[in-house]
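For reference, entry30.pdb is printed below; it contains PDB, C-alpha atoms and all ligand atoms.
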ATOM      1  CA  MET A   1      -4.143  17.679  14.614
ATOM      2  CA  ASP A   2      -5.640  19.541  17.546
ATOM      3  CA  ASP A   3      -9.306  18.689  17.063
ATOM      4  CA  CYS A   4      -8.975  15.189  15.583
ATOM      5  CA  ILE A   5     -10.545  12.500  17.813
ATOM      6  CA  PHE A   6      -7.997   9.857  16.873
ATOM      7  CA  CYS A   7      -5.048  12.234  17.409
ATOM      8  CA  LYS A   8      -6.566  12.903  20.856
ATOM      9  CA  ILE A   9      -6.678   9.145  21.462
ATOM     10  CA  LEU A  10      -3.013   8.921  20.411
ATOM     11  CA  ARG A  11      -2.120  11.708  22.851
ATOM     12  CA  GLY A  12      -4.058   9.924  25.619
ATOM     13  CA  GLU A  13      -6.573  12.785  25.913
ATOM     14  CA  ILE A  14      -9.432  10.400  25.099
ATOM     15  CA  PRO A  15      -9.249   6.894  26.590
ATOM     16  CA  SER A  16      -9.130   3.872  24.307
ATOM     17  CA  LYS A  17      -8.832   0.133  24.690
ATOM     18  CA  LYS A  18      -5.470  -0.631  23.102
ATOM     19  CA  VAL A  19      -5.015  -3.772  21.022
ATOM     20  CA  TYR A  20      -1.614  -3.109  19.435
ATOM     21  CA  GLU A  21       0.995  -0.372  19.244
ATOM     22  CA  ASP A  22       4.333   0.137  17.559
ATOM     23  CA  GLU A  23       6.374   3.171  16.505
ATOM     24  CA  THR A  24       4.076   3.976  13.580
ATOM     25  CA  VAL A  25       0.765   2.227  14.210
ATOM     26  CA  TYR A  26      -1.935   2.123  16.891
ATOM     27  CA  ALA A  27      -4.928  -0.240  17.094
ATOM     28  CA  PHE A  28      -7.868  -0.075  19.493
ATOM     29  CA  TYR A  29     -11.391  -1.416  19.899
ATOM     30  CA  ASP A  30     -14.158   0.525  18.155
ATOM     31  CA  ILE A  31     -16.407   2.253  20.692
ATOM     32  CA  ASN A  32     -19.522   1.122  18.799
ATOM     33  CA  PRO A  33     -18.732  -2.388  17.555
ATOM     34  CA  ALA A  34     -20.449  -3.575  14.387
ATOM     35  CA  ALA A  35     -19.250  -7.184  14.818
ATOM     36  CA  PRO A  36     -17.999  -9.443  17.638
ATOM     37  CA  VAL A  37     -14.469  -8.276  16.836
ATOM     38  CA  HIS A  38     -14.216  -4.663  15.664
ATOM     39  CA  VAL A  39     -10.827  -3.002  15.863
ATOM     40  CA  LEU A  40      -9.598   0.225  14.274
ATOM     41  CA  VAL A  41      -6.035   0.367  12.982
ATOM     42  CA  ILE A  42      -4.538   3.805  12.411
ATOM     43  CA  PRO A  43      -1.218   5.355  11.466
ATOM     44  CA  LYS A  44       0.110   7.618  14.215
ATOM     45  CA  GLU A  45       0.691  10.234  11.544
ATOM     46  CA  HIS A  46      -2.440  12.251  10.830
ATOM     47  CA  ILE A  47      -3.618  11.437   7.312
ATOM     48  CA  SER A  48      -7.204  12.567   6.851
ATOM     49  CA  SER A  49      -8.390   9.816   4.497
ATOM     50  CA  ALA A  50      -7.248   7.181   2.007
ATOM     51  CA  ASP A  51      -7.608   9.885  -0.619
ATOM     52  CA  GLN A  52      -4.698  11.742   0.994
ATOM     53  CA  ILE A  53      -2.168   8.889   0.747
ATOM     54  CA  THR A  54       0.957  10.029  -1.081
ATOM     55  CA  ALA A  55       4.504   8.831  -1.775
ATOM     56  CA  GLU A  56       5.553  10.905   1.268
ATOM     57  CA  ASN A  57       3.228   9.218   3.775
ATOM     58  CA  SER A  58       2.602   5.768   2.278
ATOM     59  CA  SER A  59       5.240   4.099   4.470
ATOM     60  CA  ALA A  60       2.913   4.702   7.443
ATOM     61  CA  VAL A  61       0.123   2.998   5.519
ATOM     62  CA  ALA A  62       2.425   0.081   4.704
ATOM     63  CA  ALA A  63       3.193  -0.189   8.430
ATOM     64  CA  VAL A  64      -0.549  -0.385   9.138
ATOM     65  CA  PHE A  65      -0.855  -3.297   6.720
ATOM     66  CA  GLU A  66       2.191  -5.010   8.212
ATOM     67  CA  ALA A  67       0.593  -4.696  11.649
ATOM     68  CA  ILE A  68      -2.774  -6.129  10.589
ATOM     69  CA  PRO A  69      -1.692  -9.814  10.386
ATOM     70  CA  LYS A  70       0.002  -9.472  13.785
ATOM     71  CA  ILE A  71      -3.184  -7.994  15.252
ATOM     72  CA  ALA A  72      -5.288 -10.730  13.651
ATOM     73  CA  LYS A  73      -3.030 -13.390  15.119
ATOM     74  CA  GLN A  74      -3.166 -11.746  18.532
ATOM     75  CA  LEU A  75      -6.966 -11.681  18.384
ATOM     76  CA  GLY A  76      -7.189 -15.271  17.093
ATOM     77  CA  ILE A  77      -8.942 -14.224  13.880
ATOM     78  CA  GLN A  78      -6.131 -14.900  11.423
ATOM     79  CA  ASN A  79      -7.340 -15.487   7.868
ATOM     80  CA  ASN A  80     -10.901 -14.689   9.023
ATOM     81  CA  TYR A  81     -11.597 -10.973   8.894
ATOM     82  CA  ARG A  82     -12.598  -8.045   6.731
ATOM     83  CA  ILE A  83     -10.624  -4.843   6.293
ATOM     84  CA  ILE A  84     -12.874  -1.856   5.581
ATOM     85  CA  ASN A  85     -12.047   1.756   4.870
ATOM     86  CA  ASN A  86     -14.647   4.439   4.328
ATOM     87  CA  CYS A  87     -13.110   7.206   2.232
ATOM     88  CA  GLY A  88     -15.177  10.369   2.304
ATOM     89  CA  GLU A  89     -18.286  11.657   4.007
ATOM     90  CA  LYS A  90     -20.608  10.415   1.250
ATOM     91  CA  VAL A  91     -19.629   6.781   1.889
ATOM     92  CA  GLY A  92     -19.848   7.103   5.651
ATOM     93  CA  GLN A  93     -16.448   8.299   6.836
ATOM     94  CA  SER A  94     -17.122  10.031  10.150
ATOM     95  CA  VAL A  95     -13.615  10.411  11.595
ATOM     96  CA  PHE A  96     -11.144  12.160   9.316
ATOM     97  CA  HIS A  97      -7.996  10.385  10.474
ATOM     98  CA  LEU A  98      -7.201   7.428   8.217
ATOM     99  CA  HIS A  99      -8.361   4.175   9.789
ATOM    100  CA  PHE A 100      -9.022   0.630   8.737
ATOM    101  CA  HIS A 101     -11.831  -1.321  10.368
ATOM    102  CA  ILE A 102     -10.949  -4.934  11.158
ATOM    103  CA  LEU A 103     -14.155  -6.934  11.503
ATOM    104  CA  SER A 104     -14.603 -10.578  12.380
ATOM    105  CA  GLY A 105     -17.321 -12.856  13.668
ATOM    106  CA  SER A 106     -20.647 -14.197  12.559
ATOM    107  CA  GLU A 107     -22.048 -10.790  11.613
ATOM    108  CA  VAL A 108     -19.516 -10.355   8.814
ATOM    109  CA  MET A 109     -19.610 -13.906   7.478
ATOM    110  CA  GLY A 110     -21.565 -14.881   4.421
ATOM    111  CA  GLU A 111     -22.303 -11.331   3.292
ATOM    112  CA  ARG A 112     -20.451  -9.872   0.373
ATOM    113  CA  LEU A 113     -20.527  -6.244  -0.703
ATOM    114  CA  ILE A 114     -18.893  -6.973  -4.032
TER     115      ILE A 114
HETATM  116  P1  LIG A 201     -15.849   5.740  10.005
HETATM  117  O1  LIG A 201     -17.322   5.955  10.158
HETATM  118  O2  LIG A 201     -15.128   7.060   9.899
HETATM  119  O3  LIG A 201     -15.442   4.759   8.949
HETATM  120  O4  LIG A 201     -15.381   5.048  11.363
HETATM  121  C1  LIG A 201     -15.189   5.753  12.537
HETATM  122  C2  LIG A 201     -15.310   4.764  13.653
HETATM  123  O5  LIG A 201     -14.748   5.351  14.823
HETATM  124  C3  LIG A 201     -16.742   4.382  13.998
HETATM  125  O6  LIG A 201     -16.913   2.971  13.842
HETATM  126  C4  LIG A 201     -16.917   4.830  15.450
HETATM  127  O7  LIG A 201     -17.674   3.932  16.220
HETATM  128  C5  LIG A 201     -15.480   4.929  15.933
HETATM  129  N1  LIG A 201     -15.255   5.937  16.962
HETATM  130  C6  LIG A 201     -15.669   7.239  16.941
HETATM  131  N2  LIG A 201     -15.263   7.882  18.051
HETATM  132  C7  LIG A 201     -14.562   6.962  18.784
HETATM  133  C8  LIG A 201     -13.882   7.038  20.040
HETATM  134  O8  LIG A 201     -13.833   8.072  20.710
HETATM  135  N3  LIG A 201     -13.296   5.900  20.467
HETATM  136  C9  LIG A 201     -13.331   4.721  19.755
HETATM  137  N4  LIG A 201     -12.727   3.663  20.296
HETATM  138  N5  LIG A 201     -13.954   4.631  18.561
HETATM  139  C10 LIG A 201     -14.560   5.741  18.092
HETATM  140 ZN    ZN A 202      -5.699  12.736  13.530
END
Would you give me this structure, written as structure tokens?
Ligand code: 5GP
Ligand code: ZN
Amino acid sequence: MDDCIFCKILRGEIPSKKVYEDETVYAFYDINPAAPVHVLVIPKEHISSADQITAENSSAVAAVFEAIPKIAKQLGIQNNYRIINNCGEKVGQSVFHLHFHILSGSEVMGERLI
């Protein structure tokens, strides 16, 4: 997508601090971290939100979830992180390229949303 920030990051048009990359998945540090560890994991395929996941594109989402434990291990936060997805503007989604926030550290411990 031409005007999508994360597609621009994938094309190298906007710099990012890479954490992990494979054929299908890219992970990079959030520019405005909400916790000591705050990484965004995205499929390389442009999917605008979790609400747009279908049988045709779900393999890219599966690849994201296969990558997450590898990323956690690499960052030394295995079994100690939250995965957050904001789906839709009303719940705070600000970038419309599917992404999962990986958060770890004291700021995300001891607080439960549900
Ligand atoms: P959302 O609000 O859509 O769930 O999450 C979007 C996230 O993308 C935010 O946490 C925001 O800080 C991050 N973000 C927005 N623009 C950029 C950017 O250009 N580079 C990086 N690394 N993160 C970004
Ligand atoms: Zn995109």
_Best match for closeness to ligand ZN 202 (chain A) among A:Ile114, A:Leu98, A:Val64, A:Ile84, counting all atoms listed in the file_ =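 Of all the options, A:Leu98 lies closest to ligand ZN 202 (chain A).
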*List, as JSON, numbers by chain, every residue that the PyMOL selection byres (((chain A and resi 32-37) around 10) and not hetatm) selects in the file provided.*
{"A": [29, 30, 31, 38, 39, 75, 77, 81, 101, 102, 103, 104, 105, 106, 107, 108, 109]}
*Step by step, measure atom-to-atom distances between ligand ZN 202 (chain A) and each residue using all atoms listed in the file, keep those at most 9 Å, then write them as a ChimeraX atom specification.*
/A:1-10,43-48,95-98
Can you spit out the residues from that selection as a compact mmCIF listing (two decimals), in the frame of the given file, using C-alpha atoms?
# COMPACT_ATOMS: atom_id res chain seq x y z
CA MET A 1 -4.14 17.68 14.61
CA ASP A 2 -5.64 19.54 17.55
CA ASP A 3 -9.31 18.69 17.06
CA CYS A 4 -8.98 15.19 15.58
CA ILE A 5 -10.54 12.50 17.81
CA PHE A 6 -8.00 9.86 16.87
CA CYS A 7 -5.05 12.23 17.41
CA LYS A 8 -6.57 12.90 20.86
CA ILE A 9 -6.68 9.14 21.46
CA LEU A 10 -3.01 8.92 20.41
CA PRO A 43 -1.22 5.36 11.47
CA LYS A 44 0.11 7.62 14.22
CA GLU A 45 0.69 10.23 11.54
CA HIS A 46 -2.44 12.25 10.83
CA ILE A 47 -3.62 11.44 7.31
CA SER A 48 -7.20 12.57 6.85
CA VAL A 95 -13.62 10.41 11.60
CA PHE A 96 -11.14 12.16 9.32
CA HIS A 97 -8.00 10.38 10.47
CA LEU A 98 -7.20 7.43 8.22
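Distances from A:Arg11, A:His99, A:Arg82, A:Lys73 to ligand LIG 201 (chain A) were compared using only C-alpha atoms and all ligand atoms, and the smallest one belongs to A:His99.
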Neighbouring residues of A:Lys70 were defined as those with any atom within 12 Å, considering all atoms listed in the file; residues of the same chain fewer than 4 positions away were excluded. Please report them as a PDB file with C-alpha atoms, keeping the file's coordinate frame.
ATOM      1  CA  VAL A  19      -5.015  -3.772  21.022  1.00  0.00           C
ATOM      2  CA  TYR A  20      -1.614  -3.109  19.435  1.00  0.00           C
ATOM      3  CA  GLU A  21       0.995  -0.372  19.244  1.00  0.00           C
ATOM      4  CA  ASP A  22       4.333   0.137  17.559  1.00  0.00           C
ATOM      5  CA  VAL A  25       0.765   2.227  14.210  1.00  0.00           C
ATOM      6  CA  ALA A  27      -4.928  -0.240  17.094  1.00  0.00           C
ATOM      7  CA  VAL A  41      -6.035   0.367  12.982  1.00  0.00           C
ATOM      8  CA  ALA A  63       3.193  -0.189   8.430  1.00  0.00           C
ATOM      9  CA  VAL A  64      -0.549  -0.385   9.138  1.00  0.00           C
ATOM     10  CA  PHE A  65      -0.855  -3.297   6.720  1.00  0.00           C
ATOM     11  CA  GLU A  66       2.191  -5.010   8.212  1.00  0.00           C
ATOM     12  CA  GLN A  74      -3.166 -11.746  18.532  1.00  0.00           C
ATOM     13  CA  LEU A  75      -6.966 -11.681  18.384  1.00  0.00           C
ATOM     14  CA  GLY A  76      -7.189 -15.271  17.093  1.00  0.00           C
ATOM     15  CA  ILE A  77      -8.942 -14.224  13.880  1.00  0.00           C
ATOM     16  CA  GLN A  78      -6.131 -14.900  11.423  1.00  0.00           C
ATOM     17  CA  ASN A  79      -7.340 -15.487   7.868  1.00  0.00           C
TER      18      ASN A  79
END
_Using only C-alpha atoms and all ligand atoms: which of A:Val61, A:Ile68, A:Ala55, A:Ala50 has the shortest distance to ligand LIG 201 (chain A)_ =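 Smallest separation from ligand LIG 201 (chain A) among the options: A:Ala50.
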*Counting only C-alpha atoms and all ligand atoms, the residue of A:Thr24, A:Ile83, A:Gly110, A:Ala60 that sits nearest ligand LIG 201 (chain A)*: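 Smallest distance to ligand LIG 201 (chain A) is found for A:Ile83.
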*In Å, how far is it from atom CA of A:Ala72 to atom CA of A:Phe28?*
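These two atoms are separated by 12.4 Å.
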*Atom-to-atom span, atom CA of A:Ala67 and atom N3 of ligand LIG 201 (chain A), Å*: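 Computing it gives 19.6 Å between the two atoms.
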To test the calculation: enclose all listed atoms of ligand LIG 201 (chain A) in a box whose edges run along x, y and z, add 3 Å on each side, then state centre and edge lengths in Å to one decimal, as JSON.
{"center_x": -15.2, "center_y": 5.5, "center_z": 14.8, "size_x": 10.9, "size_y": 11.1, "size_z": 17.8}
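Pairwise distance (atom CA of A:Asn80, atom CA of A:Gln52) equals 28.3 Å.
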_I need the residue nearest ligand LIG 201 (chain A) from this list: A:Ile71, A:Ala62, A:Ile53, A:Cys87. Use all atoms listed in the file for the distance._
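Smallest distance to ligand LIG 201 (chain A) is found for A:Cys87.
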Write only C-alpha atoms for stretch 1-51 of chain A from the block just shown, as a PDB file, in the first residue's frame.
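File written: decode_13.pdb
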ATOM      1  CA  MET A   1       0.000   0.000   0.000  1.00  0.00           C
ATOM      2  CA  ASP A   2       1.480   3.292  -1.131  1.00  0.00           C
ATOM      3  CA  ASP A   3       0.582   5.472   1.842  1.00  0.00           C
ATOM      4  CA  CYS A   4       0.798   2.887   4.638  1.00  0.00           C
ATOM      5  CA  ILE A   5       3.525   3.720   7.196  1.00  0.00           C
ATOM      6  CA  PHE A   6       4.362   0.087   7.881  1.00  0.00           C
ATOM      7  CA  CYS A   7       4.515  -0.779   4.158  1.00  0.00           C
ATOM      8  CA  LYS A   8       6.938   2.165   3.851  1.00  0.00           C
ATOM      9  CA  ILE A   9       9.002   0.676   6.684  1.00  0.00           C
ATOM     10  CA  LEU A  10       8.991  -2.678   4.855  1.00  0.00           C
ATOM     11  CA  ARG A  11      10.193  -0.969   1.668  1.00  0.00           C
ATOM     12  CA  GLY A  12      12.937   0.814   3.641  1.00  0.00           C
ATOM     13  CA  GLU A  13      11.447   4.254   2.902  1.00  0.00           C
ATOM     14  CA  ILE A  14      11.072   4.930   6.634  1.00  0.00           C
ATOM     15  CA  PRO A  15      13.879   3.712   8.912  1.00  0.00           C
ATOM     16  CA  SER A  16      13.142   1.182  11.635  1.00  0.00           C
ATOM     17  CA  LYS A  17      15.093  -0.705  14.250  1.00  0.00           C
ATOM     18  CA  LYS A  18      14.765  -4.318  13.131  1.00  0.00           C
ATOM     19  CA  VAL A  19      14.332  -7.077  15.700  1.00  0.00           C
ATOM     20  CA  TYR A  20      13.423 -10.023  13.460  1.00  0.00           C
ATOM     21  CA  GLU A  21      12.708 -10.763   9.816  1.00  0.00           C
ATOM     22  CA  ASP A  22      11.762 -13.777   7.753  1.00  0.00           C
ATOM     23  CA  GLU A  23      10.036 -14.303   4.402  1.00  0.00           C
ATOM     24  CA  THR A  24       6.606 -13.394   5.777  1.00  0.00           C
ATOM     25  CA  VAL A  25       7.141 -11.450   8.995  1.00  0.00           C
ATOM     26  CA  TYR A  26       8.941  -8.304  10.156  1.00  0.00           C
ATOM     27  CA  ALA A  27       9.426  -7.084  13.742  1.00  0.00           C
ATOM     28  CA  PHE A  28      10.812  -3.743  14.899  1.00  0.00           C
ATOM     29  CA  TYR A  29      10.932  -1.534  17.979  1.00  0.00           C
ATOM     30  CA  ASP A  30       7.968   0.787  18.520  1.00  0.00           C
ATOM     31  CA  ILE A  31       8.986   4.420  18.028  1.00  0.00           C
ATOM     32  CA  ASN A  32       7.083   5.447  21.174  1.00  0.00           C
ATOM     33  CA  PRO A  33       7.616   2.606  23.651  1.00  0.00           C
ATOM     34  CA  ALA A  34       4.925   1.998  26.257  1.00  0.00           C
ATOM     35  CA  ALA A  35       7.069  -0.495  28.218  1.00  0.00           C
ATOM     36  CA  PRO A  36      10.772  -1.357  28.616  1.00  0.00           C
ATOM     37  CA  VAL A  37      10.376  -3.824  25.748  1.00  0.00           C
ATOM     38  CA  HIS A  38       7.904  -2.752  23.059  1.00  0.00           C
ATOM     39  CA  VAL A  39       8.155  -4.446  19.690  1.00  0.00           C
ATOM     40  CA  LEU A  40       5.695  -4.485  16.792  1.00  0.00           C
ATOM     41  CA  VAL A  41       5.297  -7.684  14.794  1.00  0.00           C
ATOM     42  CA  ILE A  42       3.708  -7.393  11.362  1.00  0.00           C
ATOM     43  CA  PRO A  43       2.980  -9.573   8.356  1.00  0.00           C
ATOM     44  CA  LYS A  44       4.768  -8.321   5.246  1.00  0.00           C
ATOM     45  CA  GLU A  45       1.460  -8.620   3.433  1.00  0.00           C
ATOM     46  CA  HIS A  46      -0.709  -5.547   3.924  1.00  0.00           C
ATOM     47  CA  ILE A  47      -3.741  -6.535   5.989  1.00  0.00           C
ATOM     48  CA  SER A  48      -5.422  -3.440   7.385  1.00  0.00           C
ATOM     49  CA  SER A  49      -6.627  -4.871  10.704  1.00  0.00           C
ATOM     50  CA  ALA A  50      -7.477  -8.082  12.553  1.00  0.00           C
ATOM     51  CA  ASP A  51     -10.993  -7.600  11.233  1.00  0.00           C
TER      52      ASP A  51
END
